[in-house]
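Asker: input.cif (mmCIF, C-alpha atoms and all ligand atoms) pasted underneath:
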data_query
loop_
_atom_site.label_atom_id
_atom_site.label_comp_id
_atom_site.auth_asym_id
_atom_site.auth_seq_id
_atom_site.Cartn_x
_atom_site.Cartn_y
_atom_site.Cartn_z
CA MET A 1 47.83 54.28 55.42
CA LEU A 2 45.08 56.59 54.21
CA GLY A 3 46.33 59.45 52.01
CA VAL A 4 45.41 63.10 52.49
CA ALA A 5 43.16 63.30 49.41
CA ASP A 6 41.12 60.23 50.41
CA ALA A 7 40.88 61.43 54.01
CA LEU A 8 39.59 64.82 52.86
CA LYS A 9 37.00 63.06 50.73
CA ILE A 10 35.75 61.18 53.80
CA VAL A 11 35.49 64.44 55.75
CA LEU A 12 33.53 66.20 53.03
CA GLU A 13 31.19 63.24 52.52
CA ASN A 14 30.33 63.25 56.20
CA VAL A 15 29.85 66.95 56.88
CA GLN A 16 26.47 68.40 55.87
CA PRO A 17 25.66 72.12 55.71
CA LEU A 18 23.91 73.65 58.70
CA ALA A 19 20.28 74.65 58.38
CA PRO A 20 19.82 78.33 57.42
CA ILE A 21 18.68 80.85 60.02
CA GLU A 22 17.03 84.24 59.76
CA ALA A 23 19.47 86.88 60.91
CA ALA A 24 19.81 90.63 61.21
CA ILE A 25 22.34 91.92 58.71
CA SER A 26 25.46 93.78 59.79
CA TYR A 27 29.17 93.77 59.05
CA GLU A 28 29.29 90.73 61.30
CA SER A 29 27.56 88.80 58.50
CA LEU A 30 30.67 89.36 56.36
CA GLY A 31 31.72 86.11 54.67
CA LEU A 32 28.46 84.26 55.33
CA VAL A 33 26.37 82.70 52.59
CA LEU A 34 22.90 83.89 51.64
CA ALA A 35 20.22 81.18 51.86
CA GLU A 36 17.48 82.93 49.88
CA ASP A 37 17.01 84.93 46.69
CA VAL A 38 16.70 88.65 47.39
CA ALA A 39 14.60 90.92 45.18
CA SER A 40 14.69 94.69 45.10
CA ASP A 41 11.73 96.53 46.67
CA LEU A 42 12.25 99.59 44.46
CA ASP A 43 13.70 100.91 41.25
CA LEU A 44 17.31 102.03 41.54
CA PRO A 45 18.00 104.74 41.04
CA PRO A 46 14.47 105.65 42.11
CA PHE A 47 14.50 108.76 39.86
CA ASP A 48 16.54 110.12 36.96
CA LYS A 49 19.61 111.15 38.87
CA ALA A 50 22.36 113.73 38.33
CA MET A 51 25.78 112.10 38.31
CA MET A 52 27.69 115.36 38.61
CA ASP A 53 27.50 118.74 40.30
CA GLY A 54 26.64 121.17 37.51
CA PHE A 55 23.74 122.47 35.47
CA ALA A 56 20.72 120.55 34.24
CA LEU A 57 19.81 121.81 30.78
CA ARG A 58 18.61 120.96 27.30
CA ALA A 59 21.45 119.65 25.13
CA ALA A 60 19.85 121.25 22.07
CA ASP A 61 20.31 124.72 23.60
CA LEU A 62 24.10 124.44 23.25
CA VAL A 63 25.91 125.31 20.06
CA ASP A 64 29.37 123.73 19.94
CA GLY A 65 28.88 123.27 23.66
CA LYS A 66 28.28 126.94 24.27
CA ALA A 67 25.22 128.77 25.58
CA GLU A 68 24.21 131.38 28.10
CA LEU A 69 21.20 130.22 30.09
CA THR A 70 19.02 131.66 32.86
CA ILE A 71 19.28 129.85 36.18
CA VAL A 72 15.76 129.00 37.37
CA GLU A 73 16.30 126.75 40.42
CA GLU A 74 18.89 125.18 42.68
CA ILE A 75 18.43 121.46 43.41
CA PRO A 76 20.48 119.95 46.24
CA ALA A 77 20.53 116.17 46.77
CA GLY A 78 17.44 115.12 48.70
CA LYS A 79 15.21 117.83 47.23
CA THR A 80 12.55 117.33 44.59
CA PRO A 81 12.79 119.89 41.76
CA THR A 82 9.75 122.14 41.41
CA VAL A 83 10.48 124.11 38.26
CA GLU A 84 10.35 122.75 34.73
CA VAL A 85 13.36 123.88 32.72
CA LYS A 86 12.43 125.50 29.43
CA ALA A 87 14.50 126.49 26.39
CA GLY A 88 17.18 128.98 27.36
CA GLN A 89 17.08 127.93 31.02
CA ALA A 90 19.08 125.71 33.36
CA SER A 91 18.87 124.52 37.00
CA ARG A 92 21.87 124.27 39.22
CA ILE A 93 22.01 120.66 40.45
CA MET A 94 24.07 118.61 42.91
CA THR A 95 25.30 115.05 42.50
CA GLY A 96 22.58 112.57 43.47
CA ALA A 97 19.66 114.99 43.08
CA PRO A 98 16.65 114.17 40.90
CA VAL A 99 16.86 116.03 37.60
CA PRO A 100 14.08 118.55 36.84
CA ARG A 101 11.49 118.12 34.12
CA GLY A 102 12.36 119.49 30.70
CA ILE A 103 16.12 118.71 30.68
CA ASP A 104 18.07 115.91 29.06
CA ALA A 105 21.67 116.57 30.14
CA VAL A 106 23.80 117.71 33.06
CA VAL A 107 26.93 119.73 32.31
CA MET A 108 29.55 119.48 35.01
CA ILE A 109 30.30 122.59 37.07
CA GLU A 110 33.91 122.67 35.82
CA ARG A 111 32.54 123.43 32.33
CA CYS A 112 30.27 126.24 33.50
CA GLU A 113 30.79 129.83 34.50
CA VAL A 114 28.16 131.50 36.65
CA VAL A 115 27.57 135.18 35.88
CA GLY A 116 25.00 136.59 38.24
CA THR A 117 21.70 134.83 37.51
CA ARG A 118 23.00 133.29 34.31
CA VAL A 119 25.36 130.47 33.42
CA ARG A 120 27.75 130.18 30.49
CA THR A 121 28.57 126.67 29.36
CA ASN A 122 31.52 125.22 27.46
CA GLU A 123 30.94 121.52 26.93
CA PRO A 124 31.50 120.43 23.30
CA ARG A 125 30.74 116.79 24.25
CA VAL A 126 27.21 117.59 25.41
CA ARG A 127 24.53 115.11 24.26
CA ALA A 128 21.17 113.88 25.51
CA GLY A 129 21.70 111.70 28.59
CA LEU A 130 25.05 113.21 29.59
CA ASN A 131 25.69 112.70 33.34
CA ILE A 132 22.21 111.32 34.01
CA LEU A 133 21.57 107.84 35.44
CA HIS A 134 18.02 106.94 34.48
CA ARG A 135 15.47 105.49 36.86
CA GLY A 136 15.69 101.69 37.17
CA LYS A 137 19.00 101.48 35.29
CA GLU A 138 20.66 99.53 38.16
CA MET A 139 17.61 97.43 39.05
CA ARG A 140 13.85 97.26 38.79
CA THR A 141 11.32 96.63 41.54
CA GLY A 142 10.90 92.88 42.02
CA GLU A 143 14.10 92.00 40.19
CA VAL A 144 16.22 89.35 41.95
CA VAL A 145 19.54 91.04 42.66
CA LEU A 146 21.18 88.46 44.97
CA HIS A 147 20.85 84.71 44.65
CA VAL A 148 20.98 81.81 47.11
CA GLY A 149 24.63 80.93 47.64
CA ALA A 150 25.97 84.48 47.30
CA ARG A 151 28.80 85.12 49.74
CA LEU A 152 28.34 88.34 51.66
CA ARG A 153 31.18 90.70 50.85
CA PRO A 154 31.08 94.45 51.49
CA GLN A 155 29.33 95.08 48.16
CA GLU A 156 26.61 92.49 48.89
CA LEU A 157 26.05 94.04 52.34
CA GLY A 158 25.75 97.50 50.78
CA LEU A 159 23.30 96.23 48.20
CA LEU A 160 21.13 94.48 50.80
CA ALA A 161 20.85 97.82 52.57
CA ALA A 162 19.99 99.54 49.28
CA VAL A 163 17.04 97.19 48.74
CA GLY A 164 15.87 97.54 52.33
CA ARG A 165 16.78 94.09 53.60
CA THR A 166 17.83 94.23 57.23
CA ARG A 167 17.06 90.54 57.88
CA VAL A 168 17.75 87.62 55.56
CA GLN A 169 18.04 83.85 55.56
CA LEU A 170 21.72 82.99 56.05
CA GLN A 171 23.96 80.01 56.60
CA PRO A 172 24.99 80.51 60.23
CA ARG A 173 28.48 80.41 61.68
CA PRO A 174 29.10 76.93 63.07
CA SER A 175 29.89 76.61 66.77
CA VAL A 176 33.16 74.76 67.23
CA ALA A 177 34.20 73.41 70.63
CA ILE A 178 37.91 73.03 71.36
CA VAL A 179 39.49 70.76 73.97
CA SER A 180 43.23 70.52 74.67
CA THR A 181 44.39 67.34 76.35
CA GLY A 182 47.42 66.29 78.37
CA ASP A 183 48.55 66.13 82.00
CA GLU A 184 51.64 68.13 81.05
CA ILE A 185 49.67 71.01 79.50
CA VAL A 186 49.13 74.17 81.56
CA ASP A 187 47.39 77.42 80.80
CA ALA A 188 49.41 80.24 79.21
CA SER A 189 49.11 82.27 82.42
CA VAL A 190 51.09 79.68 84.37
CA MET A 191 54.89 79.28 84.58
CA PRO A 192 55.34 75.61 83.65
CA SER A 193 57.25 73.33 86.01
CA ALA A 194 60.12 71.22 84.65
CA ALA A 195 58.05 68.70 82.67
CA GLN A 196 55.14 70.92 81.76
CA ILE A 197 54.39 72.87 78.62
CA ARG A 198 51.97 75.71 77.98
CA ASN A 199 48.79 75.24 75.98
CA SER A 200 49.62 76.65 72.55
CA ASN A 201 47.03 74.65 70.69
CA GLY A 202 43.97 76.03 72.47
CA PRO A 203 44.49 79.68 71.44
CA MET A 204 45.93 78.71 68.05
CA LEU A 205 43.00 76.46 67.12
CA ALA A 206 40.49 79.03 68.38
CA ALA A 207 42.10 81.58 66.06
CA GLN A 208 42.07 79.13 63.14
CA VAL A 209 38.38 78.43 63.78
CA ALA A 210 37.64 82.16 63.86
CA ARG A 211 39.69 82.72 60.70
CA ALA A 212 37.65 80.02 58.98
CA GLY A 213 34.47 81.95 59.86
CA ALA A 214 33.15 79.78 62.71
CA ILE A 215 32.68 80.57 66.41
CA PRO A 216 35.27 78.92 68.66
CA ARG A 217 34.52 77.89 72.24
CA PHE A 218 37.48 76.67 74.25
CA LEU A 219 36.29 74.17 76.85
CA GLY A 220 39.53 73.65 78.74
CA ILE A 221 42.48 71.32 79.15
CA ALA A 222 41.42 67.72 79.75
CA ARG A 223 43.70 65.75 82.05
CA ASP A 224 44.81 62.33 80.87
CA ASP A 225 41.97 60.89 82.89
CA VAL A 226 39.01 59.10 81.36
CA ASN A 227 36.38 60.78 83.52
CA HIS A 228 37.64 64.31 82.98
CA LEU A 229 38.10 63.74 79.26
CA ARG A 230 34.64 62.19 78.97
CA ALA A 231 33.02 65.20 80.65
CA LEU A 232 34.70 67.70 78.30
CA ILE A 233 34.01 65.62 75.19
CA ALA A 234 30.34 65.22 76.16
CA GLU A 235 30.11 68.99 76.50
CA GLY A 236 31.88 69.46 73.17
CA LEU A 237 29.48 67.14 71.38
CA GLN A 238 26.80 69.77 71.79
CA ALA A 239 28.58 72.02 69.36
CA ASP A 240 28.36 71.64 65.58
CA MET A 241 31.95 70.45 65.58
CA LEU A 242 34.42 69.34 68.25
CA ILE A 243 38.19 69.62 67.93
CA LEU A 244 40.57 67.92 70.35
CA SER A 245 44.33 68.18 70.33
CA GLY A 246 46.71 65.59 71.72
CA GLY A 247 45.98 62.22 73.21
CA VAL A 248 45.18 60.70 69.85
CA SER A 249 48.34 58.65 69.12
CA ALA A 250 49.14 55.12 70.24
CA GLY A 251 50.55 55.86 73.72
CA LYS A 252 49.13 54.36 76.90
CA LEU A 253 47.68 57.73 77.92
CA ASP A 254 46.33 58.60 74.51
CA LEU A 255 42.77 58.24 75.72
CA VAL A 256 40.90 60.26 73.11
CA PRO A 257 40.00 57.46 70.63
CA GLY A 258 38.70 55.20 73.41
CA VAL A 259 36.57 57.86 75.09
CA LEU A 260 35.14 59.04 71.77
CA SER A 261 34.15 55.50 70.90
CA GLU A 262 32.62 54.99 74.35
CA LEU A 263 30.50 58.11 73.75
CA GLY A 264 29.22 56.73 70.46
CA VAL A 265 31.48 58.69 68.12
CA LYS A 266 32.15 56.57 65.06
CA ALA A 267 35.75 56.99 63.87
CA LEU A 268 35.84 57.21 60.08
CA PHE A 269 39.60 57.41 59.94
CA HIS A 270 42.49 57.41 62.35
CA LYS A 271 45.99 58.26 61.04
CA VAL A 272 46.72 59.87 57.71
CA GLU A 273 49.87 59.57 55.66
CA MET A 274 51.31 63.00 56.32
CA LYS A 275 53.94 64.77 58.35
CA PRO A 276 53.45 66.46 60.75
CA GLY A 277 50.03 65.51 62.10
CA LYS A 278 49.82 61.80 61.26
CA PRO A 279 47.83 60.69 64.34
CA ILE A 280 44.66 62.47 63.25
CA LEU A 281 41.20 61.07 63.92
CA PHE A 282 37.94 62.01 62.28
CA GLY A 283 34.58 60.81 63.47
CA VAL A 284 30.90 61.52 63.60
CA ALA A 285 28.69 61.57 66.69
CA PRO A 286 25.10 60.57 65.96
CA PRO A 287 22.37 63.19 66.53
CA ALA A 288 21.31 61.51 69.80
CA HIS A 289 24.38 63.01 71.41
CA ALA A 290 23.68 66.49 70.21
CA GLN A 291 21.30 67.89 72.77
CA ARG A 292 21.29 71.37 71.32
CA LEU A 293 18.29 72.36 69.32
CA SER A 294 19.47 73.94 66.11
CA PRO A 295 16.84 75.21 63.66
CA GLY A 296 17.19 71.99 61.69
CA GLY A 297 16.67 69.85 64.82
CA ALA A 298 19.29 67.65 66.45
CA ARG A 299 22.27 67.18 64.20
CA GLU A 300 25.38 65.10 63.99
CA THR A 301 28.53 66.56 65.48
CA THR A 302 31.72 66.02 63.54
CA VAL A 303 34.80 65.38 65.64
CA PHE A 304 38.48 65.88 64.91
CA GLY A 305 41.25 64.56 67.14
CA LEU A 306 44.34 66.46 66.04
CA ALA A 307 47.96 65.73 66.80
CA GLY A 308 49.30 67.19 70.04
CA ASN A 309 52.33 68.89 68.59
CA PRO A 310 51.34 72.41 67.55
CA VAL A 311 52.46 72.31 63.92
CA GLY A 312 50.86 68.89 63.39
CA SER A 313 47.69 70.27 64.90
CA MET A 314 47.84 73.35 62.69
CA VAL A 315 48.41 71.38 59.47
CA GLY A 316 45.64 68.92 60.34
CA PHE A 317 43.31 71.84 60.85
CA GLU A 318 44.12 73.47 57.52
CA LEU A 319 43.92 70.22 55.54
CA PHE A 320 40.74 68.78 57.05
CA VAL A 321 38.99 70.90 59.69
CA ARG A 322 38.80 74.12 57.73
CA PRO A 323 37.27 72.38 54.69
CA GLY A 324 34.76 70.77 57.08
CA ILE A 325 33.84 74.15 58.59
CA ARG A 326 33.49 75.66 55.14
CA LYS A 327 31.18 72.86 54.05
CA LEU A 328 28.99 73.47 57.15
CA MET A 329 28.74 77.06 55.88
CA THR A 330 28.14 76.00 52.23
CA LEU A 331 31.39 77.65 51.18
CA GLU A 332 33.77 76.18 48.62
CA PRO A 333 35.69 73.84 50.98
CA GLY A 334 39.22 74.06 49.61
CA PRO A 335 41.93 73.70 50.77
CA CYS A 336 43.69 76.13 48.48
CA TRP A 337 46.55 74.59 46.50
CA ILE A 338 48.94 76.80 44.59
CA ARG A 339 51.72 75.83 42.22
CA ALA A 340 54.87 77.77 43.02
CA ARG A 341 58.53 77.78 42.02
CA LEU A 342 61.17 77.10 44.65
CA THR A 343 63.37 80.12 45.32
CA LYS A 344 66.39 77.99 46.23
CA ASP A 345 67.63 74.40 46.13
CA HIS A 346 65.98 72.21 48.74
CA ALA A 347 67.33 68.76 49.60
CA TYR A 348 65.49 66.56 52.08
CA ARG A 349 64.58 63.04 52.96
CA THR A 350 61.18 62.09 54.38
CA ASP A 351 59.25 58.87 54.83
CA ARG A 352 55.85 60.57 54.48
CA PRO A 353 54.53 63.47 52.38
CA THR A 354 55.63 66.45 54.42
CA TYR A 355 53.96 69.82 54.86
CA HIS A 356 56.90 72.11 55.49
CA PRO A 357 56.24 75.70 56.64
CA ALA A 358 56.99 78.06 53.76
CA ARG A 359 56.71 81.59 52.49
CA LEU A 360 54.53 81.95 49.40
CA THR A 361 55.03 85.15 47.40
CA LEU A 362 53.23 86.43 44.33
CA THR A 363 55.80 87.89 41.93
CA ASP A 364 55.57 89.37 38.41
CA THR A 365 56.17 85.88 37.03
CA GLY A 366 53.84 83.92 39.29
CA PHE A 367 54.13 82.40 42.74
CA THR A 368 57.42 81.51 44.39
CA VAL A 369 57.86 79.47 47.55
CA LYS A 370 60.62 79.42 50.11
CA PRO A 371 60.71 76.76 52.87
CA THR A 372 61.40 78.29 56.30
CA VAL A 373 63.95 77.06 58.82
CA TRP A 374 61.95 74.56 60.86
CA PHE A 375 62.80 71.91 63.42
CA GLY A 376 59.73 69.69 63.16
CA SER A 377 56.25 69.34 64.60
CA PRO A 378 56.76 71.03 68.02
CA ASP A 379 58.50 74.04 66.42
CA LEU A 380 55.79 76.66 66.10
CA ARG A 381 58.37 79.42 65.85
CA GLY A 382 59.46 78.03 62.48
CA VAL A 383 55.95 78.85 61.24
CA LEU A 384 56.13 82.55 62.17
CA SER A 385 57.66 83.59 58.87
CA ALA A 386 55.43 81.17 56.95
CA ASN A 387 52.08 81.84 55.28
CA ALA A 388 51.80 78.41 53.64
CA PHE A 389 53.06 74.83 53.72
CA VAL A 390 55.04 73.44 50.82
CA LEU A 391 54.29 69.78 50.09
CA LEU A 392 57.49 67.73 49.99
CA PRO A 393 56.76 64.33 48.43
CA GLU A 394 58.07 61.31 50.31
CA GLY A 395 61.49 59.91 49.50
CA ASP A 396 64.97 61.28 49.03
CA HIS A 397 64.80 64.44 46.93
CA ASN A 398 67.04 67.16 45.70
CA HIS A 399 64.71 69.85 44.45
CA ARG A 400 66.38 72.67 42.52
CA ALA A 401 65.61 76.35 42.55
CA GLY A 402 62.86 76.91 39.96
CA ASP A 403 61.24 73.48 40.45
CA THR A 404 57.47 73.66 40.68
CA MET A 405 56.02 72.56 44.02
CA MET A 406 52.48 72.20 45.36
CA VAL A 407 51.81 74.62 48.18
CA LEU A 408 49.02 74.63 50.74
CA ARG A 409 48.06 78.28 51.10
CA VAL A 410 46.72 79.22 54.52
CA GLU A 411 46.75 83.02 54.37
CA ASP A 412 45.81 85.56 51.74
CA GLU A 413 48.92 87.64 52.27
P1 LIG B 1 50.27 63.75 72.52
O1 LIG B 1 49.74 63.44 71.17
O2 LIG B 1 49.22 64.02 73.53
O3 LIG B 1 51.25 62.69 72.96
O4 LIG B 1 51.11 65.09 72.37
C1 LIG B 1 52.23 65.14 71.53
C2 LIG B 1 53.11 66.30 71.90
O5 LIG B 1 52.39 67.51 71.72
C3 LIG B 1 53.56 66.30 73.35
O6 LIG B 1 54.91 66.68 73.41
C4 LIG B 1 52.69 67.33 73.98
O7 LIG B 1 53.29 67.93 75.08
C5 LIG B 1 52.46 68.32 72.87
N1 LIG B 1 51.19 68.98 73.06
C6 LIG B 1 50.01 68.38 73.26
N2 LIG B 1 49.03 69.28 73.43
C7 LIG B 1 49.61 70.49 73.36
C8 LIG B 1 49.12 71.82 73.45
N3 LIG B 1 47.82 72.07 73.69
N4 LIG B 1 49.99 72.85 73.31
C9 LIG B 1 51.29 72.59 73.08
N5 LIG B 1 51.81 71.36 72.97
C10 LIG B 1 50.99 70.31 73.10
MG MG B 2 49.05 63.81 75.50
#
Could you write out this file's structure as structure tokens?
Answerer:
Amino acid sequence: MLGVADALKIVLENVQPLAPIEAAISYESLGLVLAEDVASDLDLPPFDKAMMDGFALRAADLVDGKAELTIVEEIPAGKTPTVEVKAGQASRIMTGAPVPRGIDAVVMIERCEVVGTRVRTNEPRVRAGLNILHRGKEMRTGEVVLHVGARLRPQELGLLAAVGRTRVQLQPRPSVAIVSTGDEIVDASVMPSAAQIRNSNGPMLAAQVARAGAIPRFLGIARDDVNHLRALIAEGLQADMLILSGGVSAGKLDLVPGVLSELGVKALFHKVEMKPGKPILFGVAPPAHAQRLSPGGARETTVFGLAGNPVGSMVGFELFVRPGIRKLMTLEPGPCWIRARLTKDHAYRTDRPTYHPARLTLTDTGFTVKPTVWFGSPDLRGVLSANAFVLLPEGDHNHRAGDTMMVLRVEDE
């Protein structure tokens, strides 16, 4: 059976980044990747700027930091100074204001004493340039300040505003369609009858898609009926990516692989050596099926059929779907592996590499990991106290506290 690493390789080889779009910049662009170089349209700061509230003066006027100077002007931020400061004079100035002509230092207000129209200073560390940020020190007009591939964090968004860019070329958020399948699955709003179960995977996968930075669209619960399933899959193939859950194993009513194939989706793998989530399918639908017109023209849609059991579905998403979404966005695909020490002995037996829900903690001496109490692939509750999955190699093992394990990190905290 195909291993996780090889399966991930197949996913990444078959997902290509989306074409960039031009977009208005806002906090909603957080986490997206810039698709152009951005140059500054001005010098920053645009003038020699006071870094402190205080007095703008000539450093040479102070002897051992002391002088008594005549106040000639008051310069709040946003005002252009009008008076040149001469020997024996000073202008009161606020943080962020342009400094007046004639001065070379700003002495902070805490080191000044105002006496009527005069100011006494006491700043032994005074020197030319003190508390002044000179024009163009941060950046010059025309200088490239952000490069293609930069991920937009708060500081990038602030800088784009500083250089006057309200629209830029960006890698867009992929649209990701989600379909749950199964005759026994009912919406969360419904009280299930004896043999029914509520749709956990729909909301969970939508949240995972959103957490990965893409836009989820839940299309509904497909009955185990070829026609209904075909209709929802056809709709889903218009998204950049389609995720199905359930119906992908070997049962008689596991109709997903057959309907995908009928719709022209080429399966590139089906089943991966892992637990939970083994019956996972990955395929590509040729552009002919994608009727949407994205800026780059019709594109392939990548398709994931995830295991029906919620934890299998969740693990499959984190191992394969999230890296695929990140590649569409030109982000480092991951997944994020961390080495961590077990907090307690852990004995187990498993016939496949197992991704066991676990709590990853950063301590003074590095990461530790603690497997949670978990009853297998349907047990989503066992994942509530987890923020990661510890990889338990196949076989019969008796890991000891302190042993180093590989951990799949799925949350920052
Ligand atoms: P399947 O692969 O369709 O045979 O599903 C495997 C198991 O996962 C069955 O017990 C299903 O009831 C369960 N399952 C499938 N889809 C969902 C879902 N959307 N939410 C919760 N459980 C599900
Ligand atoms: Mg099913």
Asker: Taking all atoms listed in the file into account, which of A:Tyr27, A:Phe55, A:Phe389, A:Phe218 comes nearest ligand LIG 1 (chain B)?
Answerer: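 Of A:Tyr27, A:Phe55, A:Phe389, A:Phe218, the one nearest ligand LIG 1 (chain B), counting all atoms listed in the file, is A:Phe218.
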Asker: For ligand MG 2 (chain B), collect every residue having any atom at a distance of at most 9 Å from a ligand atom (counting all atoms listed in the file); output as a ChimeraX atom specification.
Answerer: /A:180-185,223-224,245-249,251,253-255,307-308
Asker: Which polymer residues have any atom within 6 Å of an atom of Ala239 in chain A, counting all atoms listed in the file, with same-chain residues fewer than 6 positions away left out, as a list in words?
Answerer: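 Counting only the stated atoms, we get Ser175, Val176 and Ala177 of chain A.
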Asker: Which residues, protein or nucleic acid, reach to within 6 Å of (18.0, 130.7, 35.3) in the file's coordinates when using all atoms listed in the file, and can you give that as a count of residues only?
Answerer: 7
Asker: May I ask which of the residues A:Val369, A:Val407, A:Leu319, A:Val311 is the closest one to ligand LIG 1 (chain B), counting all atoms listed in the file?
Answerer: A:Val311
Asker: Skip Glu300 in chain A itself and residues of its chain fewer than 6 positions away, then list as a PyMOL selection string all residues within 7 Å of it, counting only C-alpha atoms.
Answerer: chain A and resi 284-287+290
Asker: For the residues in that selection, give me C-alpha atoms as an mmCIF file, in the frame of the given file.
Answerer:
data_model
loop_
_atom_site.group_PDB
_atom_site.id
_atom_site.type_symbol
_atom_site.label_atom_id
_atom_site.label_comp_id
_atom_site.auth_asym_id
_atom_site.auth_seq_id
_atom_site.Cartn_x
_atom_site.Cartn_y
_atom_site.Cartn_z
ATOM 1 C CA VAL A 284 30.900 61.520 63.600
ATOM 2 C CA ALA A 285 28.690 61.570 66.690
ATOM 3 C CA PRO A 286 25.100 60.570 65.960
ATOM 4 C CA PRO A 287 22.370 63.190 66.530
ATOM 5 C CA ALA A 290 23.680 66.490 70.210
#
Asker: Kindly indicate which residue among A:Gly366, A:Gly334, A:Gly316, A:Pro310 lies nearest to ligand LIG 1 (chain B), using all atoms listed in the file for the distances.
Answerer: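 For ligand LIG 1 (chain B), the nearest of the given residues is A:Pro310.
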Asker: What residues have an atom no more than 9 Å from (27.7, 92.4, 52.1) in the file's own frame, counting all atoms listed in the file, and can you write them as a list in words?
Answerer: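 Here the neighbourhood of the point contains Ile25, Ser26, Tyr27, Ser29, Leu30, Gly31, Leu32, Arg151, Leu152, Arg153, Pro154, Gln155, Glu156, Leu157, Gly158, Leu159, Leu160 and Ala161 of chain A.
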